[in-house]
$ cat coords01.txt   # compact mmCIF, C-alpha atoms
# COMPACT_ATOMS: atom_id res chain seq x y z
CA MET C 233 103.84 125.61 149.62
CA ASN C 234 100.50 127.09 148.62
CA ASP C 235 98.04 125.69 146.07
CA ASP C 236 99.47 127.68 143.16
CA ASP C 237 103.00 126.41 143.85
CA LEU C 238 101.75 122.86 144.01
CA LEU C 239 99.83 123.16 140.73
CA THR C 240 102.80 124.85 139.09
CA ALA C 241 105.03 121.98 140.20
CA VAL C 242 102.58 119.47 138.74
CA ARG C 243 102.35 121.42 135.48
CA ASP C 244 106.12 121.62 135.19
CA ARG C 245 106.40 117.84 135.38
CA PHE C 246 104.34 117.63 132.17
CA ASP C 247 106.64 119.92 130.19
CA PRO C 248 108.38 117.03 128.36
CA VAL C 249 105.00 115.81 127.02
CA ARG C 250 104.76 117.17 123.51
CA MET C 251 102.50 116.50 120.55
CA ASP C 252 104.74 115.74 117.58
CA THR C 253 102.12 115.05 114.90
CA PRO C 254 102.45 117.66 112.11
CA ALA C 255 99.46 119.89 111.37
CA ALA C 256 99.38 118.61 107.78
CA VAL C 257 98.68 115.05 108.98
CA ILE C 258 95.85 116.24 111.22
CA MET C 259 94.34 118.30 108.42
CA ALA C 260 94.50 115.39 105.97
CA ARG C 261 92.72 113.23 108.53
CA GLY C 262 90.08 115.92 109.02
CA ARG C 263 89.54 116.26 105.27
CA ALA C 264 89.10 112.49 104.92
CA ARG C 265 86.59 112.60 107.74
CA ARG C 266 84.67 115.42 106.05
CA ARG C 267 84.62 113.53 102.74
CA ARG C 268 83.24 110.41 104.40
CA LYS C 269 80.58 112.40 106.17
CA ASN C 270 79.51 114.16 102.98
CA SER C 271 79.39 110.93 100.97
CA GLY C 272 77.26 109.39 103.71
CA ARG C 273 74.87 112.32 103.49
CA LEU C 274 74.69 112.01 99.73
CA ALA C 275 73.94 108.29 99.99
CA ALA C 276 71.26 108.93 102.58
CA GLY C 277 69.76 111.66 100.41
CA ALA C 278 69.71 109.41 97.36
CA LEU C 279 68.07 106.68 99.40
CA ALA C 280 65.43 109.05 100.68
CA VAL C 281 64.68 110.20 97.14
CA SER C 282 64.38 106.60 95.95
CA LEU C 283 62.04 105.69 98.75
CA GLY C 284 60.06 108.87 98.24
CA ALA C 285 59.57 108.01 94.60
CA GLY C 286 58.13 104.67 95.59
CA LEU C 287 60.92 102.65 94.11
CA ALA C 288 61.66 99.22 95.47
CA VAL C 289 65.09 98.89 96.99
CA PRO C 290 66.31 95.36 96.43
CA ALA C 291 69.28 95.54 98.73
CA LEU C 292 70.47 98.00 101.32
CA THR C 293 74.14 97.67 101.75
CA ALA C 294 74.59 100.12 104.63
CA ARG C 295 77.85 101.64 103.48
CA PRO C 296 78.25 105.16 104.78
CA ALA C 297 81.99 105.09 104.27
CA GLY C 298 84.74 102.83 103.09
CA THR C 299 83.95 99.78 101.01
CA ALA C 300 81.08 97.41 101.46
CA GLY C 301 80.43 93.88 100.47
CA THR C 302 77.77 93.15 97.93
CA ALA C 303 77.20 89.52 98.63
CA GLY C 304 73.64 90.06 99.79
CA THR C 305 70.88 88.50 97.76
CA ALA C 306 68.13 90.73 96.53
CA GLY C 307 64.75 90.42 98.10
CA ALA C 308 62.89 92.31 95.39
CA ALA C 309 61.34 89.20 93.97
CA ALA C 310 59.55 88.47 97.21
CA SER C 311 57.95 91.82 97.80
CA PRO C 312 58.64 95.43 96.82
CA HIS C 313 58.50 96.32 100.52
CA GLN C 314 61.16 93.87 101.58
CA ALA C 315 64.81 94.78 101.77
CA THR C 316 67.73 92.48 102.41
CA LEU C 317 70.98 93.62 103.93
CA ALA C 318 74.23 92.55 102.33
CA ALA C 319 75.75 89.36 103.67
CA TRP C 320 78.75 91.29 104.91
CA THR C 321 80.04 94.83 105.11
CA VAL C 322 83.59 96.12 105.29
CA GLN C 323 84.25 99.57 106.64
CA LYS C 324 87.69 101.14 106.92
CA HIS C 325 88.13 103.60 109.77
CA ALA C 326 90.32 106.68 109.89
CA ASP C 327 92.76 105.00 112.29
CA GLY C 328 93.42 102.25 109.75
CA SER C 329 91.34 99.60 111.48
CA VAL C 330 88.74 97.75 109.44
CA ALA C 331 85.34 96.77 110.82
CA VAL C 332 83.77 93.68 109.30
CA THR C 333 80.11 92.89 109.86
CA ILE C 334 78.93 89.44 108.80
CA ARG C 335 75.20 88.90 108.60
CA ARG C 336 75.29 85.65 106.68
CA PRO C 337 78.34 83.51 105.94
CA GLU C 338 78.02 83.89 102.16
CA ASN C 339 80.67 84.68 99.54
CA LEU C 340 83.43 84.66 102.13
CA ARG C 341 85.95 84.37 99.32
CA GLY C 342 84.75 87.79 98.11
CA LEU C 343 85.16 89.15 101.62
CA GLN C 344 88.67 87.75 101.73
CA LEU C 345 89.50 89.47 98.42
CA LYS C 346 88.01 92.73 99.64
CA LEU C 347 90.15 92.61 102.76
CA ALA C 348 93.19 91.72 100.67
CA LYS C 349 92.59 94.90 98.63
CA LEU C 350 92.72 96.81 101.91
CA GLY C 351 96.07 95.19 102.65
CA ILE C 352 94.83 92.68 105.20
CA ALA C 353 96.08 89.18 104.55
CA VAL C 354 93.52 86.98 106.23
CA ILE C 355 91.72 83.86 105.25
CA ILE C 356 88.03 83.63 105.88
CA VAL C 357 86.48 80.19 105.91
CA ASP C 358 82.98 79.07 106.69
CA GLN C 359 84.05 76.18 108.86
CA PRO C 360 87.05 75.76 111.12
CA ALA C 361 87.55 72.33 109.59
CA LYS C 362 88.43 74.02 106.31
CA LEU C 363 91.49 75.65 107.85
CA ALA C 364 94.50 74.05 106.26
CA HIS C 365 96.25 71.19 107.93
CA GLY C 366 98.74 72.41 110.49
CA CYS C 367 96.68 75.44 111.51
CA LYS C 368 96.53 75.72 115.21
CA VAL C 369 93.44 77.36 116.61
CA ALA C 370 94.81 79.98 118.94
CA LEU C 371 91.69 81.28 120.58
CA PRO C 372 87.96 80.87 120.08
CA LEU C 373 87.07 84.53 120.43
CA LYS C 374 83.43 84.64 121.23
CA LYS C 375 80.12 83.09 120.40
CA LEU C 376 77.82 85.74 119.09
CA ALA C 377 74.42 85.75 117.49
CA ARG C 378 74.19 87.15 113.97
CA PRO C 379 74.98 89.73 112.79
CA PHE C 380 78.34 90.13 114.41
CA THR C 381 81.06 92.70 113.93
CA PHE C 382 84.74 92.42 114.53
CA VAL C 383 87.53 94.89 113.99
CA ILE C 384 90.84 94.03 112.37
CA ARG C 385 93.86 96.17 113.04
CA PRO C 386 96.39 95.73 110.24
CA ALA C 387 99.09 97.15 112.49
CA ALA C 388 98.60 94.25 114.89
CA ILE C 389 99.03 91.74 112.08
CA ILE C 390 102.18 93.46 110.90
CA ALA C 391 103.45 93.57 114.45
CA ALA C 392 102.81 89.85 114.82
CA ARG C 393 104.94 89.24 111.75
CA THR C 394 107.79 91.49 112.69
CA ARG C 395 108.02 90.51 116.30
CA THR C 396 108.63 86.86 115.55
CA ALA C 397 111.88 87.46 113.78
CA ASN C 398 112.82 83.83 113.23
CA THR C 399 109.41 82.83 111.96
CA ALA C 400 108.40 86.21 110.62
CA GLU C 401 107.46 85.00 107.16
CA HIS C 402 105.54 82.02 108.41
CA ARG C 403 102.85 83.53 110.52
CA VAL C 404 99.61 85.18 109.58
CA LEU C 405 96.32 85.64 111.33
CA PHE C 406 93.34 83.66 110.11
CA ILE C 407 89.74 84.35 110.89
CA GLY C 408 87.17 81.67 110.43
CA ALA C 409 83.42 81.94 110.74
CA LYS C 410 81.43 78.84 111.51
CA PRO C 411 77.87 79.11 110.24
CA PRO C 412 75.07 78.14 112.57
CA GLY C 413 73.93 74.56 112.08
CA PRO C 414 70.70 73.00 113.24
CA HIS C 415 72.18 72.41 116.68
CA VAL C 416 74.40 75.45 116.97
CA ALA C 417 72.64 78.79 117.05
CA PRO C 418 75.48 81.27 117.33
CA ILE C 419 78.33 81.82 114.94
CA GLU C 420 81.74 80.99 116.22
CA ILE C 421 84.69 83.14 115.26
CA VAL C 422 88.10 81.64 115.60
CA VAL C 423 91.49 83.14 115.11
CA ALA C 424 94.28 80.79 114.23
CA ALA C 425 97.93 81.04 113.39
CA CYS C 426 99.11 78.88 110.49
CA GLY C 427 102.32 78.23 108.66
CA ALA C 428 102.77 80.03 105.34
CA ALA C 429 102.97 76.71 103.52
CA HIS C 430 99.36 76.02 104.43
CA GLN C 431 97.89 79.26 103.23
CA ALA C 432 94.94 78.86 100.91
CA MET P 166 97.68 128.25 102.34
CA ASP P 167 94.23 129.82 102.60
CA HIS P 168 92.90 131.80 105.54
CA GLU P 169 91.13 128.84 107.16
CA SER P 170 94.15 126.56 106.94
CA ALA P 171 96.39 129.25 108.35
CA GLY P 172 93.99 129.86 111.22
CA PHE P 173 93.73 126.19 112.08
CA THR P 174 97.48 125.65 111.82
CA ALA P 175 98.14 128.59 114.13
CA PHE P 176 95.58 127.26 116.61
CA TYR P 177 97.06 123.76 116.44
CA GLU P 178 100.62 124.94 116.93
CA ALA P 179 99.62 127.11 119.88
CA THR P 180 97.50 124.59 121.75
CA ARG P 181 98.54 121.04 120.79
CA HIS P 182 100.99 120.43 123.63
CA ASP P 183 98.64 121.68 126.34
CA CYS P 184 95.71 119.72 124.93
CA LEU P 185 97.82 116.57 124.87
CA ARG P 186 98.95 117.15 128.46
CA ALA P 187 95.36 117.72 129.59
CA VAL P 188 94.11 114.55 127.92
CA PHE P 189 97.16 112.58 129.09
CA ALA P 190 96.54 113.67 132.68
CA SER P 191 92.87 112.70 132.31
CA VAL P 192 93.25 109.27 130.71
CA GLY P 193 96.61 108.29 132.23
CA ASP P 194 98.02 106.71 129.07
CA ARG P 195 100.29 108.60 126.70
CA GLN P 196 99.65 106.61 123.51
CA THR P 197 95.88 106.68 123.94
CA ALA P 198 96.04 110.39 124.70
CA GLU P 199 97.96 111.09 121.48
CA ASP P 200 95.46 109.11 119.40
CA LEU P 201 92.52 110.87 121.06
CA VAL P 202 93.97 114.34 120.63
CA ALA P 203 94.86 113.70 116.97
CA GLU P 204 91.30 112.51 116.34
CA ALA P 205 89.83 115.51 118.18
CA TYR P 206 91.94 117.97 116.17
CA ALA P 207 90.92 116.20 112.94
CA ARG P 208 87.28 116.64 113.93
CA ALA P 209 87.97 120.27 114.79
CA TRP P 210 89.44 120.83 111.32
CA ALA P 211 86.50 119.01 109.69
CA ARG P 212 84.16 121.60 111.26
CA TRP P 213 86.59 124.44 111.70
CA ARG P 214 84.09 127.18 110.82
CA THR P 215 82.03 126.23 113.87
CA VAL P 216 84.88 125.36 116.21
CA SER P 217 86.83 128.53 115.45
CA ARG P 218 83.90 130.55 116.80
CA HIS P 219 83.82 128.54 120.04
CA PRO P 220 84.73 130.67 123.08
CA ALA P 221 87.44 128.16 124.06
CA PRO P 222 88.35 125.96 121.07
CA GLN P 223 91.08 124.15 122.99
CA ALA P 224 88.48 123.14 125.59
CA TRP P 225 86.32 121.86 122.71
CA VAL P 226 89.25 119.72 121.54
CA VAL P 227 89.83 118.26 125.01
CA ARG P 228 86.12 117.60 125.55
CA THR P 229 85.90 115.93 122.13
CA ALA P 230 88.95 113.79 122.91
CA LEU P 231 87.42 112.64 126.20
CA ASN P 232 84.07 111.90 124.51
CA THR P 233 85.89 110.00 121.76
CA ARG P 234 87.52 107.85 124.39
CA VAL P 235 84.08 106.78 125.63
CA SER P 236 82.98 106.07 122.03
CA TRP P 237 86.06 103.95 121.36
CA TRP P 238 85.52 102.09 124.59
CA ARG P 239 81.92 101.30 123.58
CA LEU P 240 83.09 100.21 120.14
CA ARG P 241 85.85 97.96 121.39
CA ARG P 242 84.60 96.64 124.69
CA ARG P 243 83.64 93.28 123.17
CA GLU P 244 86.94 92.80 121.41
CA VAL P 245 89.41 90.26 122.62
CA THR P 246 92.98 91.20 121.86
CA LEU P 247 95.44 88.47 121.05
CA PRO P 248 98.96 89.21 122.22
CA ALA P 249 101.37 88.92 119.33
CA PRO P 250 104.31 86.56 119.81
CA GLY P 251 107.02 88.44 121.64
CA PHE P 252 104.65 91.28 122.55
CA GLU P 253 105.00 90.81 126.31
CA GLN P 254 108.76 90.73 125.99
CA ALA P 255 108.72 93.90 123.90
CA GLN P 256 106.46 95.53 126.48
CA SER P 257 108.74 94.61 129.34
CA GLU P 258 111.74 95.90 127.38
CA GLN P 259 109.88 99.14 126.76
CA ALA P 260 109.05 99.38 130.45
CA GLY P 261 112.69 98.75 131.24
CA ASP P 262 113.71 101.55 128.93
CA GLY P 263 111.18 103.76 130.56
CA GLY P 264 108.52 103.76 127.85
CA LEU P 265 106.43 106.75 126.91
CA ASP P 266 105.41 107.66 130.43
CA THR P 267 108.92 108.23 131.68
CA ALA P 268 108.82 111.78 130.41
CA VAL P 269 106.51 112.48 133.33
CA ASP P 270 107.32 111.66 136.91
CA ARG P 271 106.04 108.13 137.55
CA GLU P 272 105.08 108.99 141.08
CA LEU P 273 103.00 111.91 139.89
CA MET P 274 101.27 109.77 137.26
CA ALA P 275 100.53 107.16 139.91
CA VAL P 276 98.93 109.80 142.12
CA LEU P 277 96.91 111.21 139.22
CA ARG P 278 95.69 107.76 138.22
CA ARG P 279 94.44 107.20 141.74
CA LEU P 280 92.28 110.33 141.57
CA PRO P 281 88.65 109.87 140.53
CA VAL P 282 88.08 110.64 136.84
CA ARG P 283 86.22 113.90 137.44
CA GLN P 284 88.91 115.22 139.76
CA ARG P 285 91.54 114.35 137.16
CA GLN P 286 89.58 116.14 134.45
CA VAL P 287 89.07 119.23 136.58
CA ILE P 288 92.77 119.36 137.43
CA ALA P 289 93.73 118.86 133.78
CA LEU P 290 91.46 121.62 132.48
CA ARG P 291 92.55 123.97 135.22
CA LEU P 292 96.25 123.28 134.90
CA PHE P 293 96.84 123.02 131.20
CA LEU P 294 94.03 125.03 129.63
CA ASP P 295 93.87 127.60 132.41
CA LEU P 296 90.07 127.52 132.43
CA ASP P 297 88.19 129.23 135.21
CA THR P 298 85.56 127.48 137.32
CA THR P 299 82.62 128.54 135.17
CA ARG P 300 84.20 127.47 131.89
CA THR P 301 85.43 124.18 133.40
CA ALA P 302 81.89 123.49 134.61
CA GLU P 303 80.51 124.18 131.12
CA VAL P 304 83.05 121.90 129.44
CA LEU P 305 82.45 119.03 131.84
CA GLY P 306 78.71 119.58 132.07
CA ILE P 307 78.65 119.89 135.85
CA ALA P 308 77.83 122.64 138.34
CA PRO P 309 80.47 125.26 139.22
CA GLY P 310 80.20 124.26 142.87
CA THR P 311 81.02 120.68 141.93
CA VAL P 312 84.10 121.87 140.07
CA THR P 313 85.27 123.75 143.15
CA ALA P 314 84.72 120.70 145.33
CA HIS P 315 86.54 118.38 142.91
CA LEU P 316 89.43 120.81 142.63
CA ALA P 317 89.77 121.15 146.40
CA ARG P 318 89.75 117.38 146.90
CA ALA P 319 92.22 116.81 144.08
CA ILE P 320 94.61 119.43 145.46
CA ALA P 321 94.31 117.92 148.93
CA THR P 322 95.21 114.48 147.56
CA LEU P 323 98.10 115.87 145.52
CA ARG P 324 99.39 117.77 148.54
CA ALA P 325 99.26 114.65 150.68
CA GLU P 326 100.73 112.23 148.18
CA PHE P 327 102.85 114.27 145.83
CA SER P 328 104.25 117.17 147.86
CA PRO P 329 106.83 115.06 149.72
CA SER P 330 108.61 114.28 146.45
CA ILE P 331 108.93 118.00 145.76
CA HIS P 332 110.55 118.52 149.15
CA GLU P 333 112.83 115.57 148.57
CA GLU P 334 113.92 117.06 145.30
CA SER P 335 114.65 120.41 146.90
CA TRP P 336 117.02 118.65 149.30
CA ARG P 337 119.01 117.03 146.51

$ encode --input "coords01.txt" --output "structure tokens"
Amino acid sequence: MNDDDLLTAVRDRFDPVRMDTPAAVIMARGRARRRRKNSGRLAAGALAVSLGAGLAVPALTARPAGTAGTAGTAGAAASPHQATLAAWTVQKHADGSVAVTIRRPENLRGLQLKLAKLGIAVIIVDQPAKLAHGCKVALPLKKLARPFTFVIRPAAIIAARTRTANTAEHRVLFIGAKPPGPHVAPIEIVVAACGAAHQA
Amino acid sequence: MDHESAGFTAFYEATRHDCLRAVFASVGDRQTAEDLVAEAYARAWARWRTVSRHPAPQAWVVRTALNTRVSWWRLRRREVTLPAPGFEQAQSEQAGDGGLDTAVDRELMAVLRRLPVRQRQVIALRLFLDLDTTRTAEVLGIAPGTVTAHLARAIATLRAEFSPSIHEESWR
């Protein structure tokens, strides 16, 4: 068997591998991507014009695409040269995942509502102690310095519900953010599973 | 359907299977390969005027898919994934049924996964996109001589570890 025969044999084994996604789905995804890119350019252009005109920017919310939180407090009163980032930002990706960046644990209720609008049923609390009674902390994910970003995959939450057939309606993922205290520098993110009866 | 859409659709229909096979052979995971290829084609459509003028658009798609994999890895390397209740059982059931990889010979996939990444990529581009040495070198950003060396080593490994199964099959 020469090299060509060997490579042909290898290629033949891949014949059953086929891409089934319709072209229309790909093109819709590409159009969404183009829209996001263009809106990001427009936002950047508007920002450049504002800065060029010498205007003070009270808050930069860093939202090139998707939706962004507006919980940040304005820093305009302090100095026209100061800018304060929003307390948190929510960005939906093309694959359906949602990236959440928390800079300060403020207005977490607003963040929870924003995520709910995106179809993600999570509860955000500023202290693990505020998780309802009966919530079992499943895993302390990581201790990170601020700001920190985590990605939520709605499909994973749905899968968690559907795969526990007998308790399907009684499980949901919770994400809690513990703010840094005087003795604790980093923010702790915890993910916990709670019964539906204890949802806030 | 306008001219651009028709052109992209024709390109997608003609090349999608081979691009998926090339990326699958490179990354070794079917589901990831499908996600990467879909993303790469979406990017190609988003900048179709440029990509359509590329000398080998399908190579652009595969290169973009492989680059995207690195980007996703960077983005998600700090994530910790929680297994959903019943997930391991579902996975084992899927493995029992064969899963997505069963379409391709498991032994062949095992051999390909053992190859170094570059050798896998060279083999994939050569096999499924039918690129010559020069074009493969351009796509991967390496010297043509390196492509030749990788290809020779990959073929030697395949011959040593995969050829016996071909002979076995011919005896059946």

$ closest_residue --input "coords01.txt" --among "C:Leu239, C:Ala331, C:Ala318, C:Gln344" --to "chain P" --atoms "all atoms listed in the file"
C:Leu239

$ interface_residues --input "coords01.txt" --of "chain C" --to "chain P" --cutoff "8 Å" --atoms "only C-alpha atoms" --output "PyMOL selection string"
chain C and resi 235+238-243+245-246+248-251+253+255+258-263+265-266+373+382-383+388+391-392+395-396

$ atom_distance --input "coords01.txt" --atom1 "atom CA of Gln286 of chain P" --atom2 "atom CA of Val192 of chain P"
8.6 Å

$ atom_distance --input "coords01.txt" --atom1 "atom CA of Gln323 of chain C" --atom2 "atom CA of Leu231 of chain P"
23.7 Å

$ residues_around --input "coords01.txt" --residues "segment 299-304 of chain P" --least-positions-apart "2" --cutoff "10 Å" --atoms "only C-alpha atoms" --output "short mmCIF file (atom, residue, chain, number, x, y, z; two decimals) with C-alpha atoms, in the coordinates of the input"
data_model
loop_
_atom_site.label_atom_id
_atom_site.label_comp_id
_atom_site.auth_asym_id
_atom_site.auth_seq_id
_atom_site.Cartn_x
_atom_site.Cartn_y
_atom_site.Cartn_z
CA PRO P 220 84.73 130.67 123.08
CA ALA P 221 87.44 128.16 124.06
CA ALA P 224 88.48 123.14 125.59
CA TRP P 225 86.32 121.86 122.71
CA VAL P 227 89.83 118.26 125.01
CA ARG P 228 86.12 117.60 125.55
CA THR P 229 85.90 115.93 122.13
CA GLN P 286 89.58 116.14 134.45
CA VAL P 287 89.07 119.23 136.58
CA ILE P 288 92.77 119.36 137.43
CA ALA P 289 93.73 118.86 133.78
CA LEU P 290 91.46 121.62 132.48
CA ARG P 291 92.55 123.97 135.22
CA LEU P 294 94.03 125.03 129.63
CA ASP P 295 93.87 127.60 132.41
CA LEU P 296 90.07 127.52 132.43
CA ASP P 297 88.19 129.23 135.21
CA GLY P 306 78.71 119.58 132.07
CA ILE P 307 78.65 119.89 135.85
CA ALA P 308 77.83 122.64 138.34
CA PRO P 309 80.47 125.26 139.22
CA GLY P 310 80.20 124.26 142.87
CA THR P 311 81.02 120.68 141.93
CA VAL P 312 84.10 121.87 140.07
CA THR P 313 85.27 123.75 143.15
#

$ atom_distance --input "coords01.txt" --atom1 "atom CA of Gln196 of chain P" --atom2 "atom CA of Thr233 of chain P"
14.3 Å
